[in-house]
Every structure is written in structure tokens, then in C-alpha cells.
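Q: Contents of protein-v8.txt (compact mmCIF, C-alpha atoms) are below:
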# COMPACT_ATOMS: atom_id res chain seq x y z
CA MET A 1 0.00 0.00 0.00
CA ASN A 2 2.81 2.39 0.86
CA GLU A 3 4.50 1.77 -2.50
CA LEU A 4 1.33 2.81 -4.32
CA VAL A 5 1.14 5.96 -2.23
CA ASP A 6 4.76 6.80 -3.11
CA ALA A 7 4.02 6.28 -6.80
CA PHE A 8 0.99 8.57 -6.55
CA LEU A 9 2.93 11.31 -4.77
CA ASN A 10 5.70 11.08 -7.35
CA TYR A 11 3.05 11.51 -10.07
CA LEU A 12 1.72 14.63 -8.32
CA SER A 13 5.22 16.08 -8.11
CA VAL A 14 6.57 15.22 -11.55
CA GLU A 15 3.52 15.26 -13.82
CA ARG A 16 1.17 17.60 -12.01
CA GLY A 17 3.87 19.94 -10.67
CA LEU A 18 2.22 20.34 -7.27
CA SER A 19 4.13 22.09 -4.49
CA ARG A 20 6.01 20.27 -1.75
CA ASN A 21 3.54 21.48 0.90
CA THR A 22 0.56 20.20 -1.10
CA ILE A 23 2.22 16.81 -1.53
CA ILE A 24 2.94 16.63 2.20
CA SER A 25 -0.77 17.27 2.86
CA TYR A 26 -1.77 14.52 0.40
CA ARG A 27 0.60 12.08 2.12
CA GLU A 28 -0.80 12.89 5.56
CA ASP A 29 -4.42 12.53 4.41
CA ILE A 30 -3.87 9.23 2.60
CA ASN A 31 -1.75 7.77 5.43
CA THR A 32 -4.56 8.59 7.87
CA TYR A 33 -6.93 6.69 5.56
CA ILE A 34 -4.53 3.73 5.39
CA ASP A 35 -4.32 3.62 9.19
CA PHE A 36 -8.14 3.45 9.28
CA LEU A 37 -8.19 0.61 6.73
CA LYS A 38 -5.57 -1.38 8.63
CA ALA A 39 -7.51 -0.99 11.86
CA ALA A 40 -10.51 -2.43 9.98
CA HIS A 41 -8.29 -5.32 8.77
CA ILE A 42 -8.44 -4.19 5.13
CA ASP A 43 -5.02 -4.92 3.67
CA GLY A 44 -5.36 -3.68 0.08
CA PHE A 45 -7.03 -0.89 -1.88
CA SER A 46 -8.65 -3.48 -4.17
CA LEU A 47 -10.65 -4.66 -1.16
CA THR A 48 -12.09 -1.27 -0.32
CA LYS A 49 -15.69 -0.34 -0.99
CA LYS A 50 -17.70 2.86 -0.98
CA ASN A 51 -18.91 2.19 2.56
CA ASP A 52 -15.30 1.98 3.82
CA ILE A 53 -14.59 5.49 2.58
CA THR A 54 -17.87 6.79 4.02
CA ASP A 55 -17.08 5.16 7.38
CA PHE A 56 -13.65 6.79 7.32
CA MET A 57 -15.17 10.23 6.75
CA LEU A 58 -17.65 9.71 9.58
CA SER A 59 -14.83 8.59 11.88
CA GLN A 60 -12.93 11.77 11.11
CA LYS A 61 -15.99 13.86 11.83
CA ASP A 62 -16.52 12.00 15.12
CA LYS A 63 -12.96 12.86 16.09
CA GLY A 64 -13.87 16.54 15.81
CA LEU A 65 -12.23 17.25 12.45
CA ALA A 66 -13.68 20.34 10.77
CA SER A 67 -15.87 19.77 7.70
CA ASN A 68 -13.39 21.48 5.40
CA SER A 69 -10.61 19.16 6.66
CA VAL A 70 -12.83 16.11 6.09
CA ALA A 71 -13.57 17.38 2.57
CA ARG A 72 -9.85 17.88 1.94
CA ARG A 73 -9.11 14.30 2.99
CA LEU A 74 -11.87 13.00 0.73
CA ALA A 75 -10.44 15.02 -2.18
CA ALA A 76 -7.03 13.40 -1.60
CA ILE A 77 -8.58 9.91 -1.47
CA LYS A 78 -10.58 10.54 -4.65
CA ALA A 79 -7.46 11.76 -6.48
CA PHE A 80 -5.56 8.69 -5.29
CA TYR A 81 -8.25 6.25 -6.50
CA ARG A 82 -8.43 8.02 -9.87
CA PHE A 83 -4.68 7.50 -10.15
CA LEU A 84 -5.00 3.78 -9.33
CA VAL A 85 -7.68 3.35 -12.02
CA ARG A 86 -5.66 5.37 -14.53
CA GLU A 87 -2.63 3.13 -13.90
CA ARG A 88 -4.90 0.04 -14.24
CA ILE A 89 -4.10 -1.07 -10.70
CA LEU A 90 -7.83 -0.98 -9.95
CA LYS A 91 -10.69 -1.60 -12.37
CA THR A 92 -13.24 0.57 -10.57
CA ASP A 93 -13.14 3.65 -8.36
CA PRO A 94 -15.09 3.11 -5.08
CA SER A 95 -14.94 6.85 -4.30
CA ASN A 96 -16.58 7.86 -7.58
CA LEU A 97 -20.13 8.29 -6.26
CA ILE A 98 -19.24 9.88 -2.91
CA ASP A 99 -20.13 13.54 -2.67
CA SER A 100 -17.96 15.96 -0.75
CA PRO A 101 -19.57 17.33 2.41
CA LYS A 102 -21.00 20.76 1.75
CA LEU A 103 -18.80 23.43 3.20
CA TRP A 104 -19.74 26.69 4.79
CA LYS A 105 -17.51 29.24 3.18
CA LYS A 106 -15.95 31.14 6.04
CA ILE A 107 -15.36 34.80 5.35
CA PRO A 108 -11.65 35.39 5.95
CA GLN A 109 -10.55 37.85 8.59
CA THR A 110 -9.28 41.13 7.12
CA LEU A 111 -7.82 44.38 8.38
CA SER A 112 -9.25 47.78 7.67
CA VAL A 113 -7.22 50.20 5.56
CA ASN A 114 -6.36 52.14 8.73
CA GLU A 115 -5.22 48.96 10.51
CA VAL A 116 -2.99 48.07 7.56
CA ASP A 117 -1.47 51.58 7.66
CA VAL A 118 -0.73 51.22 11.36
CA LEU A 119 0.69 47.72 10.89
CA LEU A 120 2.98 48.78 8.04
CA SER A 121 4.27 51.73 10.05
CA GLN A 122 5.54 49.55 12.92
CA PRO A 123 8.96 48.40 11.60
CA ASN A 124 11.79 50.67 12.74
CA ILE A 125 13.43 51.72 9.46
CA ARG A 126 16.37 53.19 11.34
CA ASN A 127 17.85 49.69 11.61
CA ARG A 128 18.54 47.01 9.01
CA GLN A 129 16.07 44.44 10.31
CA GLY A 130 13.29 47.01 10.39
CA ILE A 131 14.06 47.97 6.80
CA ARG A 132 13.79 44.32 5.74
CA ASP A 133 10.59 43.78 7.71
CA LYS A 134 9.06 46.92 6.21
CA ALA A 135 9.87 45.63 2.71
CA ILE A 136 8.28 42.25 3.53
CA LEU A 137 5.03 43.75 4.85
CA GLU A 138 4.75 46.27 2.02
CA THR A 139 5.32 43.53 -0.57
CA LEU A 140 2.70 41.22 0.94
CA TYR A 141 0.07 43.95 1.03
CA ALA A 142 0.96 45.42 -2.37
CA THR A 143 0.73 42.09 -4.19
CA GLY A 144 -1.55 39.79 -2.20
CA MET A 145 1.07 37.06 -2.46
CA ARG A 146 0.83 33.95 -0.36
CA VAL A 147 3.52 33.73 2.33
CA SER A 148 4.88 30.58 0.66
CA GLU A 149 5.23 32.52 -2.61
CA ALA A 150 6.92 35.50 -0.98
CA VAL A 151 9.61 33.43 0.76
CA ASN A 152 10.51 31.88 -2.61
CA LEU A 153 10.62 35.22 -4.42
CA LYS A 154 13.96 35.77 -6.15
CA THR A 155 15.68 39.03 -6.95
CA ASP A 156 15.39 38.25 -10.66
CA ASN A 157 11.61 38.01 -10.26
CA VAL A 158 11.34 41.68 -9.28
CA ASN A 159 11.53 44.55 -11.79
CA LEU A 160 11.51 47.74 -9.77
CA ASP A 161 11.98 49.97 -12.80
CA VAL A 162 8.80 48.74 -14.44
CA GLY A 163 6.99 48.12 -11.15
CA PHE A 164 6.07 44.45 -11.49
CA LEU A 165 7.10 41.15 -9.99
CA ARG A 166 6.86 37.61 -11.34
CA CYS A 167 5.29 35.21 -8.89
CA ILE A 168 5.51 31.42 -9.06
CA GLY A 169 2.34 30.12 -7.42
CA LYS A 170 0.58 26.82 -6.81
CA GLY A 171 1.21 24.14 -9.42
CA ASN A 172 4.26 26.09 -10.62
CA LYS A 173 1.95 28.57 -12.34
CA GLU A 174 3.42 31.98 -13.09
CA ARG A 175 1.65 35.30 -12.76
CA ILE A 176 2.67 38.95 -13.03
CA ILE A 177 1.60 41.33 -10.24
CA PRO A 178 2.00 45.13 -10.15
CA LEU A 179 3.94 46.80 -7.34
CA GLY A 180 2.91 50.12 -5.82
CA ALA A 181 5.30 53.01 -5.22
CA LYS A 182 5.54 52.39 -1.46
CA ALA A 183 6.45 48.74 -1.93
CA ILE A 184 9.01 49.64 -4.64
CA ASN A 185 10.67 52.22 -2.38
CA SER A 186 10.77 49.80 0.56
CA ILE A 187 12.32 47.03 -1.54
CA LYS A 188 14.90 49.44 -3.00
CA ARG A 189 15.93 50.56 0.46
CA TYR A 190 16.18 46.96 1.63
CA LEU A 191 18.36 46.03 -1.39
CA GLN A 192 20.65 49.00 -0.77
CA VAL A 193 20.96 48.91 3.02
CA SER A 194 19.99 45.56 4.57
CA ARG A 195 20.47 42.76 2.08
CA PRO A 196 24.20 43.38 1.37
CA HIS A 197 24.86 43.27 5.12
CA GLN A 198 22.91 39.99 5.45
CA LEU A 199 24.85 38.39 2.59
CA LYS A 200 28.31 39.31 3.96
CA ASN A 201 30.07 38.54 0.65
CA LYS A 202 27.93 35.42 0.08
CA GLU A 203 25.44 34.93 -2.74
CA SER A 204 21.74 34.11 -2.80
CA ASP A 205 19.06 34.20 -5.48
CA PHE A 206 16.30 34.79 -2.94
CA LEU A 207 15.09 38.32 -2.26
CA PHE A 208 14.25 38.13 1.44
CA LEU A 209 16.99 36.75 3.66
CA ASN A 210 17.50 36.05 7.34
CA ARG A 211 20.41 37.43 9.35
CA PHE A 212 22.61 34.53 8.23
CA GLY A 213 22.15 35.40 4.56
CA LYS A 214 19.86 32.43 3.85
CA LYS A 215 16.31 32.33 2.51
CA ILE A 216 13.91 33.43 5.20
CA SER A 217 11.45 30.77 6.35
CA ARG A 218 7.66 30.82 6.29
CA GLN A 219 7.68 30.61 10.07
CA SER A 220 9.79 33.79 10.25
CA PHE A 221 7.36 35.60 7.93
CA TRP A 222 4.51 34.56 10.21
CA LYS A 223 6.36 35.76 13.31
CA ILE A 224 7.07 39.12 11.65
CA ILE A 225 3.38 39.68 10.84
CA LYS A 226 2.26 38.59 14.31
CA ARG A 227 4.90 40.66 16.11
CA TYR A 228 4.06 43.92 14.36
CA ALA A 229 0.31 43.31 14.66
CA LYS A 230 0.83 43.03 18.42
CA GLU A 231 2.87 46.24 18.46
CA ALA A 232 0.10 47.92 16.42
CA ARG A 233 -2.39 46.75 19.10
CA ILE A 234 -4.57 45.04 16.53
CA LYS A 235 -7.07 42.90 18.41
CA LYS A 236 -8.26 40.77 15.49
CA PRO A 237 -6.98 37.20 15.12
CA ILE A 238 -3.80 37.45 13.03
CA ARG A 239 -3.07 34.72 10.50
CA PRO A 240 -0.33 34.49 7.86
CA HIS A 241 -2.68 35.35 4.95
CA ILE A 242 -4.38 38.32 6.59
CA LEU A 243 -2.58 40.83 4.33
CA ARG A 244 -3.53 38.74 1.27
CA HIS A 245 -7.19 38.78 2.34
CA SER A 246 -7.00 42.53 3.06
CA PHE A 247 -5.38 43.19 -0.34
CA ALA A 248 -8.25 41.48 -2.18
CA THR A 249 -10.99 43.03 -0.08
CA HIS A 250 -9.65 46.58 -0.34
CA LEU A 251 -9.30 46.31 -4.14
CA LEU A 252 -12.88 45.08 -4.56
CA GLU A 253 -14.25 47.70 -2.17
CA ARG A 254 -12.69 50.36 -4.35
CA GLY A 255 -14.16 49.06 -7.58
CA ALA A 256 -11.61 46.58 -8.96
CA ASP A 257 -13.16 43.95 -11.21
CA LEU A 258 -13.30 40.38 -9.98
CA ARG A 259 -11.33 38.89 -12.89
CA SER A 260 -8.35 41.18 -12.31
CA VAL A 261 -8.27 40.38 -8.60
CA GLN A 262 -8.54 36.67 -9.44
CA GLU A 263 -5.52 36.96 -11.74
CA MET A 264 -3.43 38.82 -9.18
CA LEU A 265 -4.31 36.32 -6.43
CA GLY A 266 -3.59 33.35 -8.68
CA HIS A 267 -6.94 31.66 -8.06
CA ALA A 268 -7.70 28.88 -10.55
CA ASN A 269 -11.45 29.30 -10.00
CA ILE A 270 -13.20 32.65 -9.77
CA SER A 271 -15.58 31.24 -7.14
CA THR A 272 -12.63 31.28 -4.74
CA THR A 273 -12.19 35.01 -5.37
CA GLN A 274 -15.92 35.69 -4.99
CA ILE A 275 -15.70 35.08 -1.25
CA TYR A 276 -14.15 38.54 -0.95
CA THR A 277 -17.28 40.12 -2.44
CA HIS A 278 -19.16 38.68 0.55
CA ILE A 279 -16.84 40.63 2.84
CA SER A 280 -17.74 43.87 1.06
CA LYS A 281 -21.44 43.04 1.34
CA GLU A 282 -21.09 42.27 5.05
CA ARG A 283 -19.38 45.63 5.52
CA LEU A 284 -22.22 47.43 3.71
CA LYS A 285 -24.79 45.63 5.86
CA ALA A 286 -22.91 46.63 9.01
CA ILE A 287 -22.87 50.27 7.90
CA HIS A 288 -26.57 50.06 7.05
CA ARG A 289 -27.40 48.65 10.49
CA MET A 290 -25.29 51.31 12.17
CA PHE A 291 -26.65 54.40 10.39
CA HIS A 292 -30.10 53.64 8.97
CA PRO A 293 -32.94 54.99 11.11
CA ARG A 294 -34.90 51.74 10.68
CA PRO A 295 -32.23 48.98 10.57
Could you express the structure from this file as C-alpha cells?

A:
Amino acid sequence: MNELVDAFLNYLSVERGLSRNTIISYREDINTYIDFLKAAHIDGFSLTKKNDITDFMLSQKDKGLASNSVARRLAAIKAFYRFLVRERILKTDPSNLIDSPKLWKKIPQTLSVNEVDVLLSQPNIRNRQGIRDKAILETLYATGMRVSEAVNLKTDNVNLDVGFLRCIGKGNKERIIPLGAKAINSIKRYLQVSRPHQLKNKESDFLFLNRFGKKISRQSFWKIIKRYAKEARIKKPIRPHILRHSFATHLLERGADLRSVQEMLGHANISTTQIYTHISKERLKAIHRMFHPRP
């Protein structure tokens, strides 16, 4: 069973071009399913039936797993069975007729424009680390990049003269995103003042570096956002993608068209981008309730 899983994950990496983090998630989901099958004394995928998959999903729900996590695990299992049928290891796909649990689309937490301004003003640009952190925050908000995309951003991907950067997103898909003047100025200052000091005569293709001159980690990005949000006294729950969510919401609130925002975010499906229109509607409803004489 484990050999088949390895073959599937290799297919996702080589032929589908999925990211390392996505493949790790697939491995975890399928291994959890295998553990369930073994506990039920099912020793091969050819022995599984539709009811086994349904029982697995129910067991995950009983363990308190959120519905979106259960749906993600089902998606991984479905993709795996499709692979087994495609490779003629199985004749039929027992997951074919199982519907994904309906998900409530949670509206992502965002910051107001004023909160973003306060957050981005927190780094102390009188020192090298503050200059780097300012460049990181400005870039995240200016582009709506995922944290995983920003840590992998290379100096060659950024054209400060033209005001664009080239982002490599999920599935190795490339997109071009504009940079605003404030982000450009922050990156220029970082390149002139901080980055050469971090490198200390070493070389690196990556734009954002840690103090040892190596590519900064996703965990460090997260700590930077959380630290400055605390200093800005922002009370909202802070998550790594909060600047990405704020970027999309603020664009749509100011009249940007959905397709353009979809392209900048790198969403494969426009329905994913549409969730940000719900945020704008919720904001309008809140304003209506607050100021209308008969709410």
C-alpha cells in the first residue's frame, strides 16, 4: 500500500507539478486513511468499498475534524483512487459516487485600511532588520502574495523599474503582479541597506533573507506579521494570509473587477475570489445597520 502511495505522490510532483507542501498534505491525508483501513483489517485498496470510505469520513468527523478538513481528505482519497484506475491497478473507483460534504464558506478575517497603515508603520526603518521587515510587509500587502510565494521570491523576479514582480504560485503557475510606489521604495531601500549586510560577501538568489544570509522561512514571515500586529495593538486574530485577504478586499471595495483580482491572487477558479465580495457586502450591511434609522 505504501509503494502505491509513493508512486501517486511522485506523479503529483513530476507530472502535475504540485508544491512540496501540497504533496505533504496529500501524504498525511492518505496515510490517515490507510491507518483506518488497517484498523478495519483491510489490507489492500482493491478490497475497499464505498462504505469503507464513508465510514472513514464519519470517523474523522466524530474525532472533531472540521468539515473542510474532512472534505480535503476526501479530495485526496478521490485523487488517489483516480490515479490507481488510470494506472490500471484498480478496475473501478469506489470513491466515484461519494459527494464531498457541503462546506460553509468562512469569510476570511481582514484588516481595515487604517489597521494596515498602522501595521505597516511599525517596523523601525532606522535599523537594518526594520528595513527588511518593512519591505516584507509592504510587498505582501501590495501584491496579495501567499507567504509561501513570498519566501521563494527571487531578486530576478522583481523589476523595480517597471513596477512588477513575477510570482511562481501553486502548481508552478506563473503570474505577473503590479507593485505600488511604497512597496518599490521599501524594496529598493532593503536592497541597498539591509540585504548586502545579510549576505556578507555570500550569494543568494532569494530576495528576502534572514540574518545569516539564507532564505527566510515561512515561520519567520509569520512571526514578523504577528509581532508587528501586536505592536500595532490590533485585536483581530492574526493569521499568515491576513494581508492577502486585506489586499483582495480593499481592491474590490474600491471598484476593482473580480477577474483582475482573481488573476493577481492566482486563483484557478473565480468562485474562490468571490468570497471577498461577501466581505464587502457584510461591511455594507454593518454600515446600514449602524446608520439607517430603521435597521

Q: Could you give me, as a PDB file with C-alpha atoms, keeping the file's coordinate frame, the residues within 9 Å of A:Val147, counting all atoms listed in the file and dropping anything in the same chain fewer than 6 positions from it?

A:
ATOM      1  CA  LEU A 140       2.700  41.220   0.940  1.00  0.00           C
ATOM      2  CA  ARG A 218       7.660  30.820   6.290  1.00  0.00           C
ATOM      3  CA  PHE A 221       7.360  35.600   7.930  1.00  0.00           C
ATOM      4  CA  TRP A 222       4.510  34.560  10.210  1.00  0.00           C
ATOM      5  CA  PRO A 240      -0.330  34.490   7.860  1.00  0.00           C
ATOM      6  CA  HIS A 241      -2.680  35.350   4.950  1.00  0.00           C
ATOM      7  CA  ARG A 244      -3.530  38.740   1.270  1.00  0.00           C
TER       8      ARG A 244
END

Q: Against stretch 7-26 of chain A, which residues of stretch 157-178 of chain A fall within 7 Å? For each one I want the closest pair of atoms and the distance in Å (one decimal), counting only C-alpha atoms, rows by chain and increasing residue number, as CSV.

A:
residue,atom,partner,partner_atom,distance
A:Lys170,CA,A:Ser19,CA,6.4
A:Gly171,CA,A:Leu18,CA,4.5
A:Asn172,CA,A:Gly17,CA,6.2

Q: Calculate how many Å separate atom CA of A:Glu174 from atom CA of A:Gly144, rounding to one decimal.

A: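 If I compute the distance from atom CA of A:Glu174 to atom CA of A:Gly144, I get 14.3 Å.
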
Q: Hey, which of A:His267, A:Thr155, A:Gln60, A:Asp43 ends up closest to A:Arg72? Count all atoms listed in the file.

A: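 Checking each of A:His267, A:Thr155, A:Gln60, A:Asp43 against A:Arg72, counting all atoms listed in the file, the winner is A:Gln60.
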
Q: Write out as a list in words which residues come within 9 Å of A:Phe164 when counting all atoms listed in the file, dropping same-chain ones fewer than 3 positions away.

A: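 Counting all atoms listed in the file, the residues come to Asn157, Val158, Asn159, Leu160, Asp161, Ile176, Ile177, Pro178, Leu179 and Gly180 of chain A.
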
Q: Quick one: residues within 10 Å of A:Gln129, only C-alpha atoms counted, chain neighbours fewer than 3 positions away excluded, as a list in words?

A: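 With the cut-off at 10 Å, the set is Pro123, Asn124, Ile125, Arg126, Arg132, Asp133, Lys134, Ala135, Tyr190, Val193, Ser194, Arg195, Gln198, Asn210 and Arg211 of chain A.
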
Q: Mind giving me the straight-line distance from atom CA of A:Leu153 to atom CA of A:Ile136 in Å, one decimal?

A: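 So the answer is 10.9 Å.
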
Q: Can you tell me, as a PyMOL selection string, what residues are no more than 10 Å from A:Lys226 when counting all atoms listed in the file, ignoring any on the same chain fewer than 5 positions away?

A: chain A and resi 119+220-221+231-232+234+237-240

Q: Kindly indicate which residue among A:Val116, A:Gln274, A:Ala268, A:Leu37 lies nearest to A:Leu252, using only C-alpha atoms for the distances.

A: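 When distances to A:Leu252 are compared using only C-alpha atoms, the smallest one comes from A:Gln274.
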
Q: Mind checking which residues fall within 8 Å of A:Tyr33, counting only C-alpha atoms, ignoring those fewer than 3 positions away in the same chain, and posting them as a VMD selection string?

A: chain A and resid 29 to 30 36 to 37 56 77

Q: Which residue is closest to A:Glu3? Choose from A:Met264, A:Leu209, A:Leu84, A:Ala181 and count all atoms listed in the file.

A: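 Ranking A:Met264, A:Leu209, A:Leu84, A:Ala181 by distance to A:Glu3, first place goes to A:Leu84.
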
Q: In Å, how far is it from atom CA of A:Lys215 to atom CA of A:Leu120?

A: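 Atom-to-atom, atom CA of A:Lys215 and atom CA of A:Leu120 are spaced 21.9 Å apart.
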
Q: Which residue, A:Met145, A:Leu137, A:Leu243, A:Val151, has the smallest gap to A:Lys182 when you use all atoms listed in the file?

A: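 The closest residue to A:Lys182 is A:Leu137.
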
Q: Output stretch 152-173 of chain A with N, CA and C atoms present, as a PDB file, in the frame of the given file.

A:
ATOM      1  N   ASN A 152       9.796  32.433  -1.457  1.00  0.00           N
ATOM      2  CA  ASN A 152      10.510  31.880  -2.610  1.00  0.00           C
ATOM      3  C   ASN A 152      10.770  32.909  -3.707  1.00  0.00           C
ATOM      4  N   LEU A 153      10.408  34.155  -3.452  1.00  0.00           N
ATOM      5  CA  LEU A 153      10.620  35.220  -4.420  1.00  0.00           C
ATOM      6  C   LEU A 153      12.122  35.472  -4.609  1.00  0.00           C
ATOM      7  N   LYS A 154      12.546  35.540  -5.858  1.00  0.00           N
ATOM      8  CA  LYS A 154      13.960  35.770  -6.150  1.00  0.00           C
ATOM      9  C   LYS A 154      14.180  37.183  -6.665  1.00  0.00           C
ATOM     10  N   THR A 155      15.389  37.658  -6.522  1.00  0.00           N
ATOM     11  CA  THR A 155      15.680  39.030  -6.950  1.00  0.00           C
ATOM     12  C   THR A 155      15.412  39.211  -8.437  1.00  0.00           C
ATOM     13  N   ASP A 156      15.647  38.168  -9.226  1.00  0.00           N
ATOM     14  CA  ASP A 156      15.390  38.250 -10.660  1.00  0.00           C
ATOM     15  C   ASP A 156      13.914  38.329 -10.999  1.00  0.00           C
ATOM     16  N   ASN A 157      13.062  37.967 -10.032  1.00  0.00           N
ATOM     17  CA  ASN A 157      11.610  38.010 -10.260  1.00  0.00           C
ATOM     18  C   ASN A 157      11.032  39.409 -10.108  1.00  0.00           C
ATOM     19  N   VAL A 158      11.846  40.338  -9.608  1.00  0.00           N
ATOM     20  CA  VAL A 158      11.340  41.680  -9.280  1.00  0.00           C
ATOM     21  C   VAL A 158      11.940  42.708 -10.231  1.00  0.00           C
ATOM     22  N   ASN A 159      11.087  43.461 -10.912  1.00  0.00           N
ATOM     23  CA  ASN A 159      11.530  44.550 -11.790  1.00  0.00           C
ATOM     24  C   ASN A 159      11.028  45.856 -11.206  1.00  0.00           C
ATOM     25  N   LEU A 160      11.899  46.513 -10.459  1.00  0.00           N
ATOM     26  CA  LEU A 160      11.510  47.740  -9.770  1.00  0.00           C
ATOM     27  C   LEU A 160      11.395  48.919 -10.709  1.00  0.00           C
ATOM     28  N   ASP A 161      12.071  48.878 -11.832  1.00  0.00           N
ATOM     29  CA  ASP A 161      11.980  49.970 -12.800  1.00  0.00           C
ATOM     30  C   ASP A 161      10.604  50.000 -13.466  1.00  0.00           C
ATOM     31  N   VAL A 162      10.106  48.828 -13.800  1.00  0.00           N
ATOM     32  CA  VAL A 162       8.800  48.740 -14.440  1.00  0.00           C
ATOM     33  C   VAL A 162       7.672  48.705 -13.408  1.00  0.00           C
ATOM     34  N   GLY A 163       7.986  48.182 -12.211  1.00  0.00           N
ATOM     35  CA  GLY A 163       6.990  48.120 -11.150  1.00  0.00           C
ATOM     36  C   GLY A 163       6.143  46.868 -11.164  1.00  0.00           C
ATOM     37  N   PHE A 164       6.762  45.726 -11.488  1.00  0.00           N
ATOM     38  CA  PHE A 164       6.070  44.450 -11.490  1.00  0.00           C
ATOM     39  C   PHE A 164       6.955  43.393 -10.864  1.00  0.00           C
ATOM     40  N   LEU A 165       6.319  42.321 -10.390  1.00  0.00           N
ATOM     41  CA  LEU A 165       7.100  41.150  -9.990  1.00  0.00           C
ATOM     42  C   LEU A 165       6.478  39.905 -10.600  1.00  0.00           C
ATOM     43  N   ARG A 166       7.298  38.884 -10.776  1.00  0.00           N
ATOM     44  CA  ARG A 166       6.860  37.610 -11.340  1.00  0.00           C
ATOM     45  C   ARG A 166       6.746  36.610 -10.203  1.00  0.00           C
ATOM     46  N   CYS A 167       5.556  36.105 -10.015  1.00  0.00           N
ATOM     47  CA  CYS A 167       5.290  35.210  -8.890  1.00  0.00           C
ATOM     48  C   CYS A 167       5.058  33.786  -9.397  1.00  0.00           C
ATOM     49  N   ILE A 168       5.717  32.826  -8.750  1.00  0.00           N
ATOM     50  CA  ILE A 168       5.510  31.420  -9.060  1.00  0.00           C
ATOM     51  C   ILE A 168       4.582  30.853  -7.989  1.00  0.00           C
ATOM     52  N   GLY A 169       3.344  30.534  -8.390  1.00  0.00           N
ATOM     53  CA  GLY A 169       2.340  30.120  -7.420  1.00  0.00           C
ATOM     54  C   GLY A 169       2.114  28.626  -7.386  1.00  0.00           C
ATOM     55  N   LYS A 170       0.924  28.228  -6.941  1.00  0.00           N
ATOM     56  CA  LYS A 170       0.580  26.820  -6.810  1.00  0.00           C
ATOM     57  C   LYS A 170       0.633  26.139  -8.175  1.00  0.00           C
ATOM     58  N   GLY A 171       1.104  24.885  -8.179  1.00  0.00           N
ATOM     59  CA  GLY A 171       1.210  24.140  -9.420  1.00  0.00           C
ATOM     60  C   GLY A 171       2.237  24.716 -10.377  1.00  0.00           C
ATOM     61  N   ASN A 172       3.184  25.491  -9.823  1.00  0.00           N
ATOM     62  CA  ASN A 172       4.260  26.090 -10.620  1.00  0.00           C
ATOM     63  C   ASN A 172       3.723  27.079 -11.655  1.00  0.00           C
ATOM     64  N   LYS A 173       2.538  27.614 -11.408  1.00  0.00           N
ATOM     65  CA  LYS A 173       1.950  28.570 -12.340  1.00  0.00           C
ATOM     66  C   LYS A 173       2.513  29.964 -12.092  1.00  0.00           C
TER      67      LYS A 173
END
